[in-house]
>>> print(open('work.cif').read())   # mmCIF, C-alpha atoms
data_final
loop_
_atom_site.label_atom_id
_atom_site.label_comp_id
_atom_site.auth_asym_id
_atom_site.auth_seq_id
_atom_site.Cartn_x
_atom_site.Cartn_y
_atom_site.Cartn_z
CA SER A 1 112.91 68.19 113.01
CA ALA A 2 110.76 69.30 115.95
CA VAL A 3 109.36 72.20 113.92
CA ALA A 4 105.60 72.06 113.39
CA ARG A 5 104.66 71.85 109.70
CA PRO A 6 100.89 72.24 109.29
CA ASP A 7 99.50 70.76 106.11
CA PHE A 8 97.92 73.23 103.69
CA GLU A 9 96.78 73.43 100.10
CA PRO A 10 98.85 75.98 98.11
CA ALA A 11 96.60 78.66 96.63
CA PHE A 12 98.90 79.18 93.62
CA GLN A 13 102.44 78.48 92.40
CA LEU A 14 105.33 80.86 91.78
CA ALA A 15 108.12 80.48 89.28
CA PRO A 16 111.58 81.92 90.10
CA GLY A 17 112.04 85.28 88.43
CA GLU A 18 108.43 86.36 88.94
CA ALA A 19 107.84 89.63 90.78
CA VAL A 20 106.54 89.46 94.34
CA PHE A 21 105.55 92.42 96.53
CA THR A 22 105.76 92.02 100.30
CA ILE A 23 103.77 94.13 102.76
CA GLY A 24 103.97 93.92 106.53
CA SER A 25 106.12 93.78 109.61
CA CYS A 26 109.75 92.70 109.97
CA LEU A 27 108.65 89.18 109.01
CA ALA A 28 107.98 90.56 105.52
CA ARG A 29 111.58 91.78 105.32
CA ASN A 30 112.83 88.29 106.25
CA VAL A 31 110.59 86.77 103.58
CA GLU A 32 112.06 89.23 101.06
CA ARG A 33 115.57 88.01 101.80
CA SER A 34 114.49 84.42 101.37
CA LEU A 35 112.70 85.14 98.08
CA ASN A 36 115.63 87.19 96.82
CA SER A 37 118.01 84.28 97.39
CA ARG A 38 115.69 82.11 95.27
CA GLY A 39 115.75 84.43 92.27
CA PHE A 40 112.47 86.30 92.62
CA ALA A 41 112.10 89.94 91.63
CA LEU A 42 111.30 92.23 94.58
CA PRO A 43 110.21 95.71 93.48
CA ALA A 44 109.79 96.95 97.07
CA LEU A 45 113.55 96.80 97.62
CA LYS A 46 114.07 99.37 94.87
CA VAL A 47 112.79 101.97 97.33
CA LEU A 48 116.02 101.67 99.27
CA SER A 49 118.13 102.86 96.35
CA ALA A 50 116.21 106.16 96.27
CA ASP A 51 117.67 107.52 99.51
CA PRO A 52 121.03 106.97 101.24
CA GLU A 53 119.29 107.04 104.62
CA PHE A 54 117.04 104.19 103.52
CA GLU A 55 120.25 102.17 103.16
CA THR A 56 121.31 103.25 106.66
CA VAL A 57 117.99 102.38 108.26
CA GLY A 58 117.67 99.20 106.23
CA SER A 59 114.62 97.64 104.65
CA ARG A 60 112.69 97.94 107.93
CA VAL A 61 111.78 101.45 106.71
CA LEU A 62 109.07 99.62 104.75
CA ASN A 63 107.70 97.82 107.80
CA ASN A 64 103.94 98.21 108.11
CA TYR A 65 102.22 96.78 111.15
CA GLY A 66 98.46 97.39 111.23
CA THR A 67 95.73 96.84 108.65
CA PRO A 68 94.74 100.57 108.60
CA SER A 69 98.28 101.72 107.74
CA ILE A 70 98.60 98.98 105.10
CA LEU A 71 95.36 100.30 103.60
CA ASN A 72 96.72 103.87 103.77
CA GLU A 73 99.76 103.09 101.64
CA LEU A 74 97.75 101.19 99.04
CA SER A 75 95.11 103.94 98.89
CA TRP A 76 97.73 106.66 98.48
CA ALA A 77 99.62 104.68 95.85
CA PHE A 78 96.61 104.17 93.60
CA ALA A 79 94.73 107.42 94.24
CA GLU A 80 94.75 110.16 91.65
CA ASP A 81 96.03 112.69 94.17
CA GLU A 82 98.48 112.31 97.02
CA PRO A 83 97.19 113.21 100.50
CA ASP A 84 97.83 116.69 101.87
CA GLU A 85 101.25 117.07 103.41
CA GLU A 86 99.69 117.83 106.79
CA VAL A 87 98.46 114.21 106.79
CA LEU A 88 101.95 112.90 106.07
CA PHE A 89 104.45 115.23 107.74
CA TYR A 90 104.95 116.63 111.23
CA LYS A 91 107.30 119.39 112.32
CA LEU A 92 109.64 118.15 115.02
CA GLY A 93 112.32 120.47 116.35
CA ASN A 94 114.19 122.06 113.45
CA GLY A 95 113.13 119.39 110.98
CA TRP A 96 110.22 117.27 109.78
CA VAL A 97 109.27 113.61 110.09
CA ASP A 98 106.95 111.35 108.11
CA LEU A 99 104.12 110.30 110.44
CA HIS A 100 103.68 107.01 108.58
CA LEU A 101 107.25 105.66 108.46
CA GLN A 102 109.55 104.19 111.13
CA ASN A 103 109.44 106.42 114.21
CA THR A 104 113.22 106.07 114.63
CA MET A 105 114.17 107.96 111.44
CA LYS A 106 115.86 111.31 112.07
CA PRO A 107 114.01 114.56 111.32
CA THR A 108 115.01 116.07 107.99
CA ASP A 109 113.87 118.69 105.46
CA LEU A 110 110.57 118.58 103.61
CA ASP A 111 112.15 118.02 100.19
CA THR A 112 113.77 114.82 101.43
CA LEU A 113 110.46 113.62 102.87
CA ARG A 114 108.72 114.35 99.57
CA LEU A 115 111.30 112.31 97.67
CA ARG A 116 110.85 109.40 100.07
CA ARG A 117 107.08 109.54 99.72
CA ARG A 118 107.39 109.52 95.93
CA ALA A 119 109.69 106.49 96.11
CA ILE A 120 107.35 104.58 98.41
CA ARG A 121 104.34 105.43 96.26
CA GLU A 122 106.15 104.15 93.17
CA ALA A 123 107.15 101.00 95.02
CA TYR A 124 103.54 100.21 95.91
CA ARG A 125 102.45 101.01 92.36
CA SER A 126 104.78 98.25 91.15
CA ILE A 127 102.08 95.85 92.42
CA ALA A 128 100.61 96.37 88.95
CA ASP A 129 103.49 94.27 87.58
CA CYS A 130 103.61 91.61 90.29
CA ARG A 131 102.48 88.00 90.17
CA ALA A 132 101.70 87.97 93.90
CA VAL A 133 101.49 90.11 97.01
CA ILE A 134 102.44 88.61 100.39
CA ILE A 135 100.94 90.38 103.42
CA THR A 136 102.23 89.55 106.90
CA LEU A 137 99.77 90.86 109.49
CA GLY A 138 101.42 92.24 112.60
CA LEU A 139 99.18 93.77 115.28
CA SER A 140 95.78 95.21 116.18
CA GLU A 141 96.99 97.89 118.63
CA VAL A 142 97.28 101.08 116.58
CA TRP A 143 97.44 104.86 117.02
CA PHE A 144 94.92 107.30 115.54
CA ASP A 145 95.67 110.90 114.55
CA LYS A 146 92.54 112.84 115.49
CA GLN A 147 93.69 115.94 113.62
CA THR A 148 94.00 114.26 110.23
CA GLY A 149 91.60 111.33 110.67
CA TYR A 150 94.26 108.78 109.66
CA TYR A 151 95.83 105.89 111.52
CA LEU A 152 99.60 105.94 112.00
CA ASN A 153 101.88 103.03 111.19
CA MET A 154 103.65 103.15 114.57
CA ALA A 155 103.26 104.85 117.93
CA PRO A 156 103.85 108.63 117.93
CA ARG A 157 107.26 109.74 119.15
CA ARG A 158 107.39 110.87 122.77
CA ALA A 159 108.17 114.44 121.70
CA MET A 160 104.99 114.44 119.61
CA LEU A 161 102.91 113.20 122.53
CA ARG A 162 104.40 115.90 124.75
CA ALA A 163 103.76 118.62 122.18
CA ASP A 164 100.24 117.44 121.22
CA PRO A 165 98.90 115.36 124.12
CA GLU A 166 95.32 115.45 122.80
CA ARG A 167 96.05 114.77 119.13
CA PHE A 168 96.90 111.05 119.18
CA GLU A 169 95.00 108.21 120.80
CA LEU A 170 95.42 104.46 121.09
CA HIS A 171 92.84 102.29 119.34
CA VAL A 172 92.59 98.55 119.83
CA LEU A 173 90.94 97.40 116.62
CA SER A 174 87.87 95.22 116.79
CA TYR A 175 87.50 92.13 114.64
CA GLU A 176 85.13 94.03 112.31
CA GLU A 177 87.53 96.96 111.90
CA THR A 178 90.42 94.61 111.19
CA ARG A 179 88.44 92.56 108.69
CA ASP A 180 87.01 95.60 106.90
CA THR A 181 90.33 97.42 106.45
CA LEU A 182 92.01 94.21 105.29
CA ALA A 183 89.17 93.54 102.84
CA ARG A 184 89.55 97.02 101.35
CA ALA A 185 93.31 96.55 101.03
CA VAL A 186 92.87 93.23 99.23
CA GLU A 187 90.27 94.78 96.90
CA LEU A 188 92.68 97.60 95.95
CA ILE A 189 95.31 94.99 95.06
CA ARG A 190 92.79 93.13 92.93
CA GLN A 191 91.67 96.32 91.17
CA HIS A 192 95.11 97.70 90.44
CA GLY A 193 97.27 94.59 90.26
CA ALA A 194 98.09 92.58 87.20
CA PRO A 195 95.29 90.31 85.89
CA GLY A 196 95.22 87.17 87.99
CA ILE A 197 97.31 88.66 90.80
CA GLN A 198 97.38 86.45 93.90
CA VAL A 199 97.43 87.53 97.54
CA LEU A 200 98.99 85.39 100.26
CA LEU A 201 98.03 86.28 103.82
CA THR A 202 99.92 85.18 106.89
CA VAL A 203 99.98 86.28 110.52
CA SER A 204 103.36 87.23 111.91
CA PRO A 205 104.42 84.99 114.82
CA ILE A 206 106.53 87.85 116.18
CA PRO A 207 104.76 88.82 119.42
CA LEU A 208 104.18 92.22 120.95
CA SER A 209 107.13 92.90 123.23
CA ALA A 210 105.25 95.70 125.00
CA THR A 211 101.70 97.05 125.11
CA TYR A 212 100.14 100.46 125.70
CA ARG A 213 97.08 98.76 127.19
CA ASP A 214 96.56 98.37 130.91
CA GLN A 215 97.06 94.62 130.84
CA ASP A 216 99.78 92.01 130.60
CA VAL A 217 101.50 92.02 127.21
CA MET A 218 100.89 88.27 126.85
CA VAL A 219 97.13 88.87 127.09
CA ALA A 220 97.29 91.85 124.71
CA ASN A 221 99.32 89.84 122.21
CA THR A 222 96.88 86.92 122.25
CA TYR A 223 93.99 89.26 121.44
CA SER A 224 95.96 90.98 118.70
CA LYS A 225 96.99 87.79 116.91
CA SER A 226 93.57 86.14 117.35
CA VAL A 227 91.79 89.05 115.66
CA LEU A 228 94.25 89.06 112.76
CA ARG A 229 94.04 85.30 112.28
CA ALA A 230 90.22 85.34 112.31
CA ALA A 231 90.06 88.28 109.88
CA ALA A 232 92.50 86.58 107.52
CA GLU A 233 90.31 83.47 107.50
CA GLU A 234 87.21 85.39 106.47
CA ILE A 235 89.06 87.26 103.71
CA VAL A 236 90.47 83.99 102.33
CA GLN A 237 87.02 82.39 102.28
CA ALA A 238 85.52 85.40 100.48
CA ASN A 239 88.16 85.80 97.73
CA ASP A 240 89.27 83.20 95.23
CA ASN A 241 92.60 85.00 94.63
CA VAL A 242 93.58 85.05 98.34
CA GLY A 243 95.30 82.20 100.16
CA TYR A 244 96.59 81.65 103.69
CA TYR A 245 100.02 80.38 104.68
CA PRO A 246 100.20 78.98 108.25
CA SER A 247 103.48 80.54 109.40
CA PHE A 248 101.86 81.65 112.67
CA GLU A 249 100.74 78.12 113.46
CA SER A 250 104.07 76.60 112.45
CA ILE A 251 106.17 78.90 114.62
CA THR A 252 103.96 79.20 117.70
CA LEU A 253 103.36 75.43 117.86
CA SER A 254 107.09 74.62 117.64
CA PRO A 255 109.55 74.46 120.56
CA ARG A 256 110.72 78.05 121.07
CA PRO A 257 114.48 77.29 120.96
CA GLU A 258 113.97 75.69 117.54
CA VAL A 259 112.43 78.75 115.90
CA TYR A 260 113.13 81.98 117.82
CA LEU A 261 116.32 83.98 118.18
CA GLU A 262 117.73 84.63 121.65
CA ASP A 263 115.57 87.75 121.98
CA GLU A 264 112.52 85.41 122.12
CA VAL A 265 110.76 87.76 119.69
CA HIS A 266 112.20 87.39 116.20
CA VAL A 267 112.27 84.23 114.13
CA THR A 268 115.47 82.68 112.80
CA GLN A 269 116.22 83.15 109.10
CA ASP A 270 116.61 79.38 108.76
CA ILE A 271 112.97 78.95 109.75
CA ILE A 272 111.87 81.69 107.35
CA ASP A 273 113.75 79.92 104.57
#
>>> encode(input="work.cif", output="structure tokens")
Amino acid sequence: SAVARPDFEPAFQLAPGEAVFTIGSCLARNVERSLNSRGFALPALKVLSADPEFETVGSRVLNNYGTPSILNELSWAFAEDEPDEEVLFYKLGNGWVDLHLQNTMKPTDLDTLRLRRRAIREAYRSIADCRAVIITLGLSEVWFDKQTGYYLNMAPRRAMLRADPERFELHVLSYEETRDTLARAVELIRQHGAPGIQVLLTVSPIPLSATYRDQDVMVANTYSKSVLRAAAEEIVQANDNVGYYPSFESITLSPRPEVYLEDEVHVTQDIID
């Protein structure tokens, strides 16, 4: 095979049937499918059974792209109190949307959003029963909500930007910001996870397909992935329960037709497997 297979030392071993929690971008959803086919327990997927629309949208509703939004969900899951609803929800037209979920989900009523939030919180809390958490790091180009002081998971919807042009702003995270938010996320997993819980970091090889920055997307993507890869390295070196899996190196150093789908963005399921 022409696929690059970097050598690495496994940080820990998993036995089929053990519970694994996956956090991250669409790569995390692909990893879930692969783990599911091998007999692992995946508590995150239980979220989908809580809401018919979750089934419609698919597991990508759980996609989480930046280190600040990953930290948000972990902080909210293990905090004594949930954040105020003004942090979570935004009125759009005749309905409401969750600021921290997929920006393609249709507006709905507040009760539905509350049920979804409860389901997602419970899903993240299942980390307490997991053997390992896999985090696939996606990007460093994130949006900040100046009104609430929280980072969003995805870009604001266009209608939101039209209605509140001064409320949201693009932040390109520095190395220090990326490292610090990731370090806090890993510490929350260690504090609230099962004794001996392991964390496996990887950087998603799925590139930015567009950028909000005033530069070529190829340049923006290289910065984004470089910062994530460097931050992951420092976190691994500083924590004996954190390992690194070189999926980014394997995919990006392989011939593109061998590993990417025709969209030149997403990775084939065969390669994930």
>>> residues_around(input="work.cif", residues="A:Pro83", least_positions_apart="2", cutoff="12 Å", atoms="only C-alpha atoms", output="PyMOL selection string")
chain A and resi 72-73+75-81+85-89+114+117-118+121+148-150
>>> closest_residue(input="work.cif", among="A:Leu228, A:Gly39, A:Leu92, A:Ala123", to="A:Asp109", atoms="all atoms listed in the file")
A:Leu92
>>> closest_residue(input="work.cif", among="A:Asp180, A:Ala15, A:Ser1, A:Glu32", to="A:Gln269", atoms="all atoms listed in the file")
A:Glu32
>>> atom_distance(input="work.cif", atom1="atom CA of A:Leu14", atom2="atom CA of A:Ala44")
17.5 Å
>>> axis_aligned_box(input="work.cif", around="stretch 260-269 of chain A", padding_each_side="4 Å", output="AutoDock Vina command-line options")
--center_x 114.2 --center_y 84.9 --center_z 115.6 --size_x 15.0 --size_y 13.8 --size_z 21.0
>>> resolve_selection(input="work.cif", expression="the PyMOL selection byres ((chain A and resi 238-251) around 10)", output="PyMOL selection string")
chain A and resi 3-12+132-137+183+186-187+190+196-206+225+229+232-237+252-256+258-260+267+271-272
>>> atom_distance(input="work.cif", atom1="atom CA of A:Ser174", atom2="atom CA of A:Pro68")
12.0 Å
>>> resolve_selection(input="work.cif", expression="the PyMOL selection byres ((chain A and resi 211) around 12)", output="PyMOL selection string")
chain A and resi 139-142+155+170-172+207-210+212-224
>>> write_last_selection(input="work.cif", atoms="C-alpha atoms", output="mmCIF file, in the frame of the given file")
data_model
loop_
_atom_site.group_PDB
_atom_site.id
_atom_site.type_symbol
_atom_site.label_atom_id
_atom_site.label_comp_id
_atom_site.auth_asym_id
_atom_site.auth_seq_id
_atom_site.Cartn_x
_atom_site.Cartn_y
_atom_site.Cartn_z
ATOM 1 C CA LEU A 139 99.180 93.770 115.280
ATOM 2 C CA SER A 140 95.780 95.210 116.180
ATOM 3 C CA GLU A 141 96.990 97.890 118.630
ATOM 4 C CA VAL A 142 97.280 101.080 116.580
ATOM 5 C CA ALA A 155 103.260 104.850 117.930
ATOM 6 C CA LEU A 170 95.420 104.460 121.090
ATOM 7 C CA HIS A 171 92.840 102.290 119.340
ATOM 8 C CA VAL A 172 92.590 98.550 119.830
ATOM 9 C CA PRO A 207 104.760 88.820 119.420
ATOM 10 C CA LEU A 208 104.180 92.220 120.950
ATOM 11 C CA SER A 209 107.130 92.900 123.230
ATOM 12 C CA ALA A 210 105.250 95.700 125.000
ATOM 13 C CA TYR A 212 100.140 100.460 125.700
ATOM 14 C CA ARG A 213 97.080 98.760 127.190
ATOM 15 C CA ASP A 214 96.560 98.370 130.910
ATOM 16 C CA GLN A 215 97.060 94.620 130.840
ATOM 17 C CA ASP A 216 99.780 92.010 130.600
ATOM 18 C CA VAL A 217 101.500 92.020 127.210
ATOM 19 C CA MET A 218 100.890 88.270 126.850
ATOM 20 C CA VAL A 219 97.130 88.870 127.090
ATOM 21 C CA ALA A 220 97.290 91.850 124.710
ATOM 22 C CA ASN A 221 99.320 89.840 122.210
ATOM 23 C CA THR A 222 96.880 86.920 122.250
ATOM 24 C CA TYR A 223 93.990 89.260 121.440
ATOM 25 C CA SER A 224 95.960 90.980 118.700
#
>>> closest_residue(input="work.cif", among="A:Thr112, A:Thr178, A:Ser37, A:Ser25", to="A:Asn63", atoms="all atoms listed in the file")
A:Ser25
>>> atom_distance(input="work.cif", atom1="atom CA of A:Arg116", atom2="atom CA of A:Ala128")
20.0 Å
>>> resolve_selection(input="work.cif", expression="the PyMOL selection byres ((chain A and resi 130) around 10)", output="number ranges by chain")
A: 18-21, 41-43, 125-129, 131-133, 193-198
>>> write_last_selection(input="work.cif", atoms="C-alpha atoms", output="PDB file, keeping the file's coordinate frame")
ATOM      1  CA  GLU A  18     108.430  86.360  88.940  1.00  0.00           C
ATOM      2  CA  ALA A  19     107.840  89.630  90.780  1.00  0.00           C
ATOM      3  CA  VAL A  20     106.540  89.460  94.340  1.00  0.00           C
ATOM      4  CA  PHE A  21     105.550  92.420  96.530  1.00  0.00           C
ATOM      5  CA  ALA A  41     112.100  89.940  91.630  1.00  0.00           C
ATOM      6  CA  LEU A  42     111.300  92.230  94.580  1.00  0.00           C
ATOM      7  CA  PRO A  43     110.210  95.710  93.480  1.00  0.00           C
ATOM      8  CA  ARG A 125     102.450 101.010  92.360  1.00  0.00           C
ATOM      9  CA  SER A 126     104.780  98.250  91.150  1.00  0.00           C
ATOM     10  CA  ILE A 127     102.080  95.850  92.420  1.00  0.00           C
ATOM     11  CA  ALA A 128     100.610  96.370  88.950  1.00  0.00           C
ATOM     12  CA  ASP A 129     103.490  94.270  87.580  1.00  0.00           C
ATOM     13  CA  ARG A 131     102.480  88.000  90.170  1.00  0.00           C
ATOM     14  CA  ALA A 132     101.700  87.970  93.900  1.00  0.00           C
ATOM     15  CA  VAL A 133     101.490  90.110  97.010  1.00  0.00           C
ATOM     16  CA  GLY A 193      97.270  94.590  90.260  1.00  0.00           C
ATOM     17  CA  ALA A 194      98.090  92.580  87.200  1.00  0.00           C
ATOM     18  CA  PRO A 195      95.290  90.310  85.890  1.00  0.00           C
ATOM     19  CA  GLY A 196      95.220  87.170  87.990  1.00  0.00           C
ATOM     20  CA  ILE A 197      97.310  88.660  90.800  1.00  0.00           C
ATOM     21  CA  GLN A 198      97.380  86.450  93.900  1.00  0.00           C
TER      22      GLN A 198
END
>>> closest_residue(input="work.cif", among="A:Thr67, A:Leu62, A:Pro165, A:Asp273", to="A:Arg184", atoms="all atoms listed in the file")
A:Thr67
>>> residues_around(input="work.cif", residues="A:His100", least_positions_apart="6", cutoff="8 Å", atoms="all atoms listed in the file", output="PyMOL selection string")
chain A and resi 69+88+152-154
>>> closest_residue(input="work.cif", among="A:Glu122, A:Met160, A:Asn64, A:Leu35", to="A:Trp96", atoms="all atoms listed in the file")
A:Met160
>>> decode(input="work.cif", residues="stretch 153-190 of chain A", atoms="C-alpha atoms", output="PDB file, in the first residue's frame")
ATOM      1  CA  ASN A 153     -18.516  25.937  17.968  1.00  0.00           C
ATOM      2  CA  MET A 154     -19.141  27.130  14.395  1.00  0.00           C
ATOM      3  CA  ALA A 155     -19.507  30.396  12.514  1.00  0.00           C
ATOM      4  CA  PRO A 156     -22.643  32.418  13.317  1.00  0.00           C
ATOM      5  CA  ARG A 157     -25.474  32.085  10.816  1.00  0.00           C
ATOM      6  CA  ARG A 158     -25.712  34.893   8.272  1.00  0.00           C
ATOM      7  CA  ALA A 159     -29.034  36.037   9.742  1.00  0.00           C
ATOM      8  CA  MET A 160     -27.328  36.414  13.124  1.00  0.00           C
ATOM      9  CA  LEU A 161     -24.513  38.469  11.633  1.00  0.00           C
ATOM     10  CA  ARG A 162     -27.049  40.704   9.895  1.00  0.00           C
ATOM     11  CA  ALA A 163     -29.091  41.153  13.065  1.00  0.00           C
ATOM     12  CA  ASP A 164     -26.096  41.649  15.396  1.00  0.00           C
ATOM     13  CA  PRO A 165     -23.157  42.802  13.266  1.00  0.00           C
ATOM     14  CA  GLU A 166     -21.113  43.901  16.298  1.00  0.00           C
ATOM     15  CA  ARG A 167     -21.785  40.900  18.538  1.00  0.00           C
ATOM     16  CA  PHE A 168     -19.613  38.208  16.920  1.00  0.00           C
ATOM     17  CA  GLU A 169     -15.986  38.410  15.860  1.00  0.00           C
ATOM     18  CA  LEU A 170     -13.475  36.072  14.273  1.00  0.00           C
ATOM     19  CA  HIS A 171     -10.521  35.005  16.404  1.00  0.00           C
ATOM     20  CA  VAL A 172      -7.535  33.130  15.048  1.00  0.00           C
ATOM     21  CA  LEU A 173      -6.201  31.339  18.110  1.00  0.00           C
ATOM     22  CA  SER A 174      -2.561  31.673  19.021  1.00  0.00           C
ATOM     23  CA  TYR A 175      -0.463  28.676  19.972  1.00  0.00           C
ATOM     24  CA  GLU A 176      -0.724  29.651  23.660  1.00  0.00           C
ATOM     25  CA  GLU A 177      -4.518  29.980  23.532  1.00  0.00           C
ATOM     26  CA  THR A 178      -4.837  26.635  21.778  1.00  0.00           C
ATOM     27  CA  ARG A 179      -2.503  24.876  24.205  1.00  0.00           C
ATOM     28  CA  ASP A 180      -4.116  26.397  27.297  1.00  0.00           C
ATOM     29  CA  THR A 181      -7.715  25.556  26.356  1.00  0.00           C
ATOM     30  CA  LEU A 182      -6.690  22.027  25.373  1.00  0.00           C
ATOM     31  CA  ALA A 183      -4.791  21.595  28.635  1.00  0.00           C
ATOM     32  CA  ARG A 184      -7.855  22.641  30.633  1.00  0.00           C
ATOM     33  CA  ALA A 185     -10.045  20.235  28.661  1.00  0.00           C
ATOM     34  CA  VAL A 186      -7.666  17.336  29.309  1.00  0.00           C
ATOM     35  CA  GLU A 187      -7.526  18.227  33.018  1.00  0.00           C
ATOM     36  CA  LEU A 188     -11.340  18.154  33.271  1.00  0.00           C
ATOM     37  CA  ILE A 189     -11.330  14.667  31.728  1.00  0.00           C
ATOM     38  CA  ARG A 190      -8.708  13.534  34.219  1.00  0.00           C
TER      39      ARG A 190
END
